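Presented below is the structure to which this report refers.
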Amino acid sequence: MATRAGSIELHNGTASEIKQVPVLSIGAFRDQVIGRVRDGAEIAALFAAPDPVGGGRSARFLLYALLAEHATGALRVTRAALTGSWPSLTPDCPSAHWFEREIAEQWNLVPEGHPWLKPIRFQPPMPGALPGREQPLVGDAQFFRVLGEEVHEVAVGPVHAGVIEPGHFRFQCHGETVLHLEISLGYQHRGIERALLGGPDTRSIHYAETLAGDTTVGHATAYCEALEALAGREAPPRAQAIRAIALELERAACHVGDLGALAGDVGFLPTASWCGRIRGDILNMTALICGSRFGRGLVRPGGVAFDLDHEMAGELRSRLQSSARDAAGACDLLWRSPSVVARFEGTGTLSGRIALEIGLTGPAARACGIDRDVRRDLPSGIWRFSQVPVSTWRTGDVFARAYVRWLEVQRSFAFIQDQLEALPAGDIRVALRPLVRGAVAVSMGEGWRGGICHVVLTNGRGKFARYKVVDPSFRNWFGLGLAMRGQQVSDFPLCNKSFNLSYSGHDL
Amino acid sequence: MLRILRERLRQGHRTMGFPRGEPPAMPARFRGLPVIDQSKCKDGCAACIEACPTGALTRGPGRALQIDLGKCLFCGDCTAACPTGAVSFSSDYRLAARNREDLVIGVKRLRLAEALGKDLRRLLGRSLRLRQVSAGGCAACEADANVLTTVGWDMGRFGIQFVASPRHADGLLVTGPVTLNMRGALEKTYAAVPEPKIVIASGACAISGGLYAGAPEASDGVAGILKVDLFVPGCPPHPLTLLDGLLRLLGRIR
């Protein structure tokens with residue numbers, strides 16, 4: 001940890017005394033954030049907390065930024081004091097856009113000059129927020145509208161045609177061409193950040209596991225690594241390896257399932273049918289380890305709750321081999337079928353420049369040629385010792401998002417095989433001491449959708465005074481909206497599935 | 001084309017034989033129907049009650065330990081906390097019930113779901129079409145409901161189908177604790193389903209609010225808003241648990 005020019009440098013999965021983080025003027029804070037983002041850092045989290053943290057209703061707030069530098073592996077924490085408003089960062093740093101809207105909604109603070117200020121979740125203000133706006137009616141947004149002859153609007157949701165989560169989509173169309181798509185969420189808001197205050201308690205790990213149900217292992221690992229950083233203990237190597245195996249099973253299952261769904265969306269049914277089943281086979285491997293297809297109950301503070309014996313490792317390896325073969329057979333057909341490739345290519349294209357500007361993360365960003373992956377760049381746990389090659393593509397379209405996922409499935413399978421062959425010996429769990437008081441911990445992971453970020457502030461009793469969660473979907477929903485510009489309305493299901501973002505992870 | 005056919009042959013036929021044949025084997029660590037051994041449970045001990053994240057465990061009549069499957073996350077925190085091994089989870093996947101109170105077990109045994117009335121079943125004929133509404137679910141319940149449409153499970157062979165429009169549905173399958181932000185949409189979707197209609201609450205959130213019970217942002221599940229005809233416990237329910245419940249409701253399993 002080093003203090004340099006108004007921020008402290010931490011590494012993924014570590015904590016620091018909160019008082020080490022300098023409190024800047026808002027002007028100096030803006031210069032820090034905007035300057036570092038210009039130099040290649042990404043905003044991993046940007047959030048507010050009352051000052052003093054957990055100090056009841058206060059007029060003073062602290063604005064925190066966590067900047068991830070993929071090139072150096074550093075995470076920088078900086079903060080500024082503010083009272084009612086601050087000059088918005090968004091005009092100079094578009095990736096702050098969604099974060100500043102969230103802060104405004106949670107605390108009734110105002111980012112002055114924000115170009116697009118409206119609720120993202122339609123949630124009630126957080127405890128300790130400034131008095132002012134109460135909970136707005138969900139979906140009651142001033143939607144961006146295009147006027148003119150032959151311009152029409154298509155509204156979809158919150159209840160969609162498929163078995164998926166709710167959200168509202170407004171398309172501004174000229175004929176079949178989409179000029180603009182606005183995505184209005186918040187229907188899944190169930191108050192997790194509020195409920196986590198005062199923890200950890202018996203519910204906390206379960207909140208982490210259900211932040212986004214299909215990212216149980218990703219979020220539970222981020223939660224546990226944050227706690228371990230605050231307790232000054234590390235999970236045993238064997239537990240770190242089992243966590244990583246489960247994380248890669250989660251990734252492989254979701255990617256394979258989505259490749260099948262993409263095939264279904266273009267009417268290519270063989271791959272659609274097989275991938276649905278293969279996804280289930282992979283989920284069943286997670287269930288073999290811990291009893292739950294989603295990895296519920298596996299990752300626990302201090303390690304994991306279930307060990308892998310020799311016999312089980314052998315069983316997993318043989319199942320993995322046959323799933324890898326099945327998945328290869330199913331997916332190779334996609335890339336070899338001109339009708340599929342023609343539909344994928346050139347649909348929903350995002351440029352690398354836009355992706356960087358809006359702070360896109362995960363396979364959606366890597367599909368635009370952005371060579372970033374938390375597992376390699378900001379490693380914690382087993383990722384410090386075992387690496388997975390980062391998969392990228394250049395074209396930024398549906399094809400690229402699909403192909404990057406397929407590349408990642410193969411890397412995940414290979415990684416799991418390697419780990420199962422050489423699992424570290426030893427315990428799977430250590431007991432944690434009480435958490436350090438007055439500290440900040442940062443924890444990131446590469447979930448299957450992209451960078452997961454948890455930032456925890458503890459109060460004077462070692463309890464959660466602020467628990468900030470950033471699901472990768474939070475950073476990517478805007479990218480889906482931009483990818484739809486100039487596309488046909490009928491391209492939406494395909495574009496949507498190529499991102500497959502989480503509503504619950506966004507809405508919290 | 002030949003390549004597709006060759007791969008089709010290689011992938012093979014994978015639809016399971018259940019319910020005529022054996023159900024798929026549950027993994028050894030699967031946590032199904034909880035079992036309470038009252039003889040091992042020490043009076044005055046509250047270790048499992050304190051460990052439970054959702055208050056599913058309570059002391060009932062005669063201070064006997066009870067567990068509410070409608071609140072249970074099947075996480076196993078109680079098993080880990082119990083010093084005497086009085087609480088454990090069996091591999092029994094059959095959990096669905098028609099009445100909310102039937103889900104409280106320990107003193108009573110679980111009364112599994114009975115079929116819908118004859119009249120309704122006659123009206124439904126050989127089909128059941130459901131509109132799924134996710135109302136604050138984390139997407140795990142939704143994902144494992146969707147799995148029933150894959151070739152391995154092929155729910156369509158029982159005439160059960162998820163449909164896009166509530167107008168085409170015989171009922172709703174609701175997941176999630178019903179967030180305040182989804183309550184209006186849920187009520188409108190229900191209103192759009194033609195009478196007579198059924199409601200299925202799938203997962204701990206939809207049954208009791210689950211982890212979000214008591215949260216001001218949600219409504220403690222669907223039962224306080226709509227009349228529920230089938231409760232399917234789990235977090236999330238295993239696909240087999242949900243399919244078993246649906247088939248019981250239709251009288252295809254007794």
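Just remember, in the structure tokens the first chain shown is A, the second B, etc., residues are 1-based per chain, and ligands are 1-based in the order shown.
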What's the 7 Å shell around Val398 (chain A), counting only C-alpha atoms, without same-chain residues fewer than 4 positions away, as a ChimeraX atom specification?
-> /A:344-345,347-348,402,495,498
Do a neighbour search on region 115-131 of chain B at 7 Å with only C-alpha atoms, toss out local chain neighbours closer than 5 positions, and write the hits as a PyMOL selection string.
-> chain B and resi 159-166+169-173+248-251
Skipping near chain neighbours, those fewer than 4 positions away, what residues fall within 12 Å of region 145-148 of chain B using only C-alpha atoms, listed as an MDAnalysis selection string?
-> (chainID A and resid 162:165 257 261 273 275:281 283 293) or (chainID B and resid 15:16 130:134 139:141 152:158 160:163 173:175 200:203 232 234:246)
Dump as a tab-separated table (two decimals), in the first residue's frame, selection limited to C-alpha atoms:
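So again-v1.tsv came out as:
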chain	number	residue	atom	x	y	z
A	162	GLY	CA	-39.49	-15.77	-22.44
A	163	VAL	CA	-38.71	-17.18	-19.02
A	164	ILE	CA	-36.43	-14.30	-18.08
A	165	GLU	CA	-36.21	-11.43	-15.64
A	257	GLY	CA	-26.24	-22.20	-22.54
A	261	ALA	CA	-29.84	-19.73	-27.05
A	273	SER	CA	-31.14	-28.35	-28.33
A	275	CYS	CA	-26.36	-26.81	-25.73
A	276	GLY	CA	-29.38	-26.62	-23.44
A	277	ARG	CA	-28.61	-30.14	-22.29
A	278	ILE	CA	-24.84	-29.68	-22.13
A	279	ARG	CA	-25.34	-26.64	-19.93
A	280	GLY	CA	-27.32	-28.87	-17.58
A	281	ASP	CA	-24.54	-31.47	-17.59
A	283	LEU	CA	-24.43	-27.51	-13.78
A	293	ARG	CA	-26.45	-26.81	-9.51
B	15	THR	CA	-34.72	-37.39	-23.01
B	16	MET	CA	-35.16	-39.03	-19.63
B	130	LEU	CA	-48.00	-21.26	-18.01
B	131	ARG	CA	-46.88	-17.65	-18.17
B	132	GLN	CA	-43.75	-17.28	-16.07
B	133	VAL	CA	-43.42	-14.04	-14.09
B	134	SER	CA	-40.10	-13.23	-12.46
B	139	ALA	CA	-32.73	-15.74	-12.00
B	140	ALA	CA	-31.79	-19.12	-10.55
B	141	CYS	CA	-35.44	-20.22	-10.16
B	152	GLY	CA	-33.29	-33.82	-21.46
B	153	TRP	CA	-36.47	-32.98	-19.55
B	154	ASP	CA	-38.81	-32.15	-22.43
B	155	MET	CA	-41.73	-30.88	-20.39
B	156	GLY	CA	-43.68	-30.55	-23.64
B	157	ARG	CA	-44.28	-34.32	-23.67
B	158	PHE	CA	-46.69	-33.77	-20.76
B	160	ILE	CA	-46.84	-28.40	-20.26
B	161	GLN	CA	-45.50	-25.31	-21.93
B	162	PHE	CA	-44.32	-21.82	-21.07
B	163	VAL	CA	-46.15	-19.33	-23.27
B	173	LEU	CA	-45.56	-19.58	-12.45
B	174	VAL	CA	-44.22	-16.87	-10.15
B	175	THR	CA	-40.65	-16.59	-8.88
B	200	ILE	CA	-47.70	-21.59	-8.79
B	201	ALA	CA	-45.18	-20.10	-6.36
B	202	SER	CA	-41.75	-21.52	-7.11
B	203	GLY	CA	-38.82	-21.04	-4.75
B	232	VAL	CA	-42.58	-25.55	-4.85
B	234	GLY	CA	-36.15	-24.71	-2.94
B	235	CYS	CA	-33.52	-22.06	-3.53
B	236	PRO	CA	-33.86	-22.68	-6.38
B	237	PRO	CA	-36.07	-25.79	-6.68
B	238	HIS	CA	-34.31	-28.55	-8.59
B	239	PRO	CA	-35.91	-29.03	-12.02
B	240	LEU	CA	-37.01	-32.47	-10.88
B	241	THR	CA	-38.74	-30.95	-7.83
B	242	LEU	CA	-40.64	-28.52	-10.04
B	243	LEU	CA	-41.55	-31.16	-12.63
B	244	ASP	CA	-42.70	-33.52	-9.88
B	245	GLY	CA	-44.90	-30.74	-8.47
B	246	LEU	CA	-46.42	-29.91	-11.86
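The protein and nucleic acid residues lying at most 9 Å from Ser386 (chain A) are Ile382, Phe415 and Gln419 of chain A, with only C-alpha atoms considered and sequence neighbours fewer than 4 positions away removed.
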List every residue of region 46-114 of chain A that DSSP, applied to the backbone of this structure, assigns to strand (DSSP E), and report them as a VMD selection string.
-> chain A and resid 46 to 50 61 to 69 74 to 82 85 to 87 110 to 112
Residue selection dump (C-alpha atoms) as a PDB file, in the first residue's frame:
ATOM      1  CA  LEU A  46     -17.867   4.891  -7.834  1.00  0.00           C
ATOM      2  CA  PHE A  47     -20.186   5.319  -4.884  1.00  0.00           C
ATOM      3  CA  ALA A  48     -21.127   7.526  -1.960  1.00  0.00           C
ATOM      4  CA  ALA A  49     -21.393   6.896   1.764  1.00  0.00           C
ATOM      5  CA  PRO A  50     -22.472   9.179   4.619  1.00  0.00           C
ATOM      6  CA  PHE A  61     -20.948  12.548   2.300  1.00  0.00           C
ATOM      7  CA  LEU A  62     -17.829  10.952   0.930  1.00  0.00           C
ATOM      8  CA  LEU A  63     -17.593  10.053  -2.709  1.00  0.00           C
ATOM      9  CA  TYR A  64     -15.389   7.001  -3.262  1.00  0.00           C
ATOM     10  CA  ALA A  65     -13.788   5.868  -6.483  1.00  0.00           C
ATOM     11  CA  LEU A  66     -12.044   2.570  -7.082  1.00  0.00           C
ATOM     12  CA  LEU A  67      -9.888   2.681 -10.195  1.00  0.00           C
ATOM     13  CA  ALA A  68      -8.576  -0.566 -11.643  1.00  0.00           C
ATOM     14  CA  GLU A  69      -5.332  -0.369 -13.596  1.00  0.00           C
ATOM     15  CA  ALA A  74      -3.071  -1.777  -9.041  1.00  0.00           C
ATOM     16  CA  LEU A  75      -6.396  -0.774  -7.541  1.00  0.00           C
ATOM     17  CA  ARG A  76      -6.497   2.846  -6.467  1.00  0.00           C
ATOM     18  CA  VAL A  77      -8.912   4.155  -3.885  1.00  0.00           C
ATOM     19  CA  THR A  78      -9.582   7.841  -3.657  1.00  0.00           C
ATOM     20  CA  ARG A  79     -12.343   9.910  -2.113  1.00  0.00           C
ATOM     21  CA  ALA A  80     -13.727  13.401  -1.775  1.00  0.00           C
ATOM     22  CA  ALA A  81     -15.999  15.156   0.679  1.00  0.00           C
ATOM     23  CA  LEU A  82     -19.202  16.701  -0.588  1.00  0.00           C
ATOM     24  CA  SER A  85     -23.966  18.196  -5.139  1.00  0.00           C
ATOM     25  CA  TRP A  86     -20.790  17.853  -7.159  1.00  0.00           C
ATOM     26  CA  PRO A  87     -19.781  18.724 -10.695  1.00  0.00           C
ATOM     27  CA  VAL A 110     -26.915  15.838  -7.390  1.00  0.00           C
ATOM     28  CA  PRO A 111     -24.221  15.439 -10.048  1.00  0.00           C
ATOM     29  CA  GLU A 112     -24.471  18.921 -11.555  1.00  0.00           C
TER      30      GLU A 112
END
Mind checking DSSP for region 175-209 of chain B and telling me the helix (DSSP H, G or I) residues as a ChimeraX atom specification?
-> /B:180-192,204-208
Preceding selection exported with C-alpha atoms as a short mmCIF file (atom, residue, chain, number, x, y, z; two decimals), in the first residue's frame:
data_model
loop_
_atom_site.label_atom_id
_atom_site.label_comp_id
_atom_site.auth_asym_id
_atom_site.auth_seq_id
_atom_site.Cartn_x
_atom_site.Cartn_y
_atom_site.Cartn_z
CA LEU B 180 -42.70 -3.52 -4.95
CA ASN B 181 -41.46 -2.57 -8.40
CA MET B 182 -42.93 -5.76 -9.90
CA ARG B 183 -46.15 -5.95 -7.95
CA GLY B 184 -48.20 -3.93 -10.44
CA ALA B 185 -46.86 -5.89 -13.41
CA LEU B 186 -47.64 -9.18 -11.66
CA GLU B 187 -51.20 -8.11 -10.91
CA LYS B 188 -51.75 -6.94 -14.48
CA THR B 189 -50.33 -10.16 -15.88
CA TYR B 190 -52.60 -12.19 -13.59
CA ALA B 191 -55.61 -10.13 -14.66
CA ALA B 192 -54.79 -10.87 -18.30
CA ALA B 204 -38.41 -19.75 -1.20
CA CYS B 205 -38.71 -16.10 -2.29
CA ALA B 206 -42.06 -16.61 -4.02
CA ILE B 207 -43.44 -18.72 -1.18
CA SER B 208 -42.38 -16.66 1.83
#
One-decimal distance in Å that lies between CA of Lys463 (chain A) and CA of Ile18 (chain A) |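 Interatomic distance, CA of Ile18 (chain A) to CA of Lys463 (chain A): 13.5 Å.
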Long-range neighbours of Pro94 (chain A) as an MDAnalysis selection string, 7 Å cut-off, only C-alpha atoms, 3 positions minimum in chain = chainID A and resid 90:91 97 357:358
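Distances to Leu230 (chain B) were evaluated for B:Ser88, B:Thr179, B:Asn99, B:Thr150 using only C-alpha atoms, and the minimum falls at B:Asn99.
Proximity of B:Arg109, B:His168, B:Arg94, B:Arg59 to chain A, computed with only C-alpha atoms, is greatest for B:His168.
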With distances taken over only C-alpha atoms, which of B:Gly176, B:Pro27, B:Pro34, B:Gly214 is nearest to Thr79 (chain B)?
-> B:Pro34
For each of B:Ile49, B:Leu57, B:Cys75, B:Met1, take the minimum atom-to-atom distance to chain A, counting only C-alpha atoms, then give the residue where this is smallest.
->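 Of all the options, B:Cys75 lies closest to chain A.
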Test item: residues at most 8 Å from region 253-255 of chain A, only C-alpha atoms, excluding those fewer than 3 positions along its chain, as an mmCIF file with C-alpha atoms, in the first residue's frame:
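Written out: part-v4.cif:
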data_model
loop_
_atom_site.group_PDB
_atom_site.id
_atom_site.type_symbol
_atom_site.label_atom_id
_atom_site.label_comp_id
_atom_site.auth_asym_id
_atom_site.auth_seq_id
_atom_site.Cartn_x
_atom_site.Cartn_y
_atom_site.Cartn_z
ATOM 1 C CA ASP A 214 -26.356 -17.409 -12.260
ATOM 2 C CA LEU A 249 -17.815 -24.403 -14.302
ATOM 3 C CA GLU A 250 -20.192 -21.456 -13.830
ATOM 4 C CA ASP A 258 -26.066 -18.810 -24.247
ATOM 5 C CA LEU A 259 -24.447 -20.221 -27.379
ATOM 6 C CA ILE A 278 -24.840 -29.684 -22.132
ATOM 7 C CA ARG A 279 -25.337 -26.637 -19.926
ATOM 8 C CA GLY A 280 -27.319 -28.871 -17.575
ATOM 9 C CA ILE A 282 -22.075 -28.776 -16.500
ATOM 10 C CA LEU A 283 -24.425 -27.506 -13.781
ATOM 11 C CA ARG A 405 -17.462 -17.096 -25.214
ATOM 12 C CA TRP A 406 -16.667 -20.296 -27.087
ATOM 13 C CA VAL A 409 -15.404 -22.296 -22.624
ATOM 14 C CA TRP A 448 -18.723 -15.031 -16.639
#
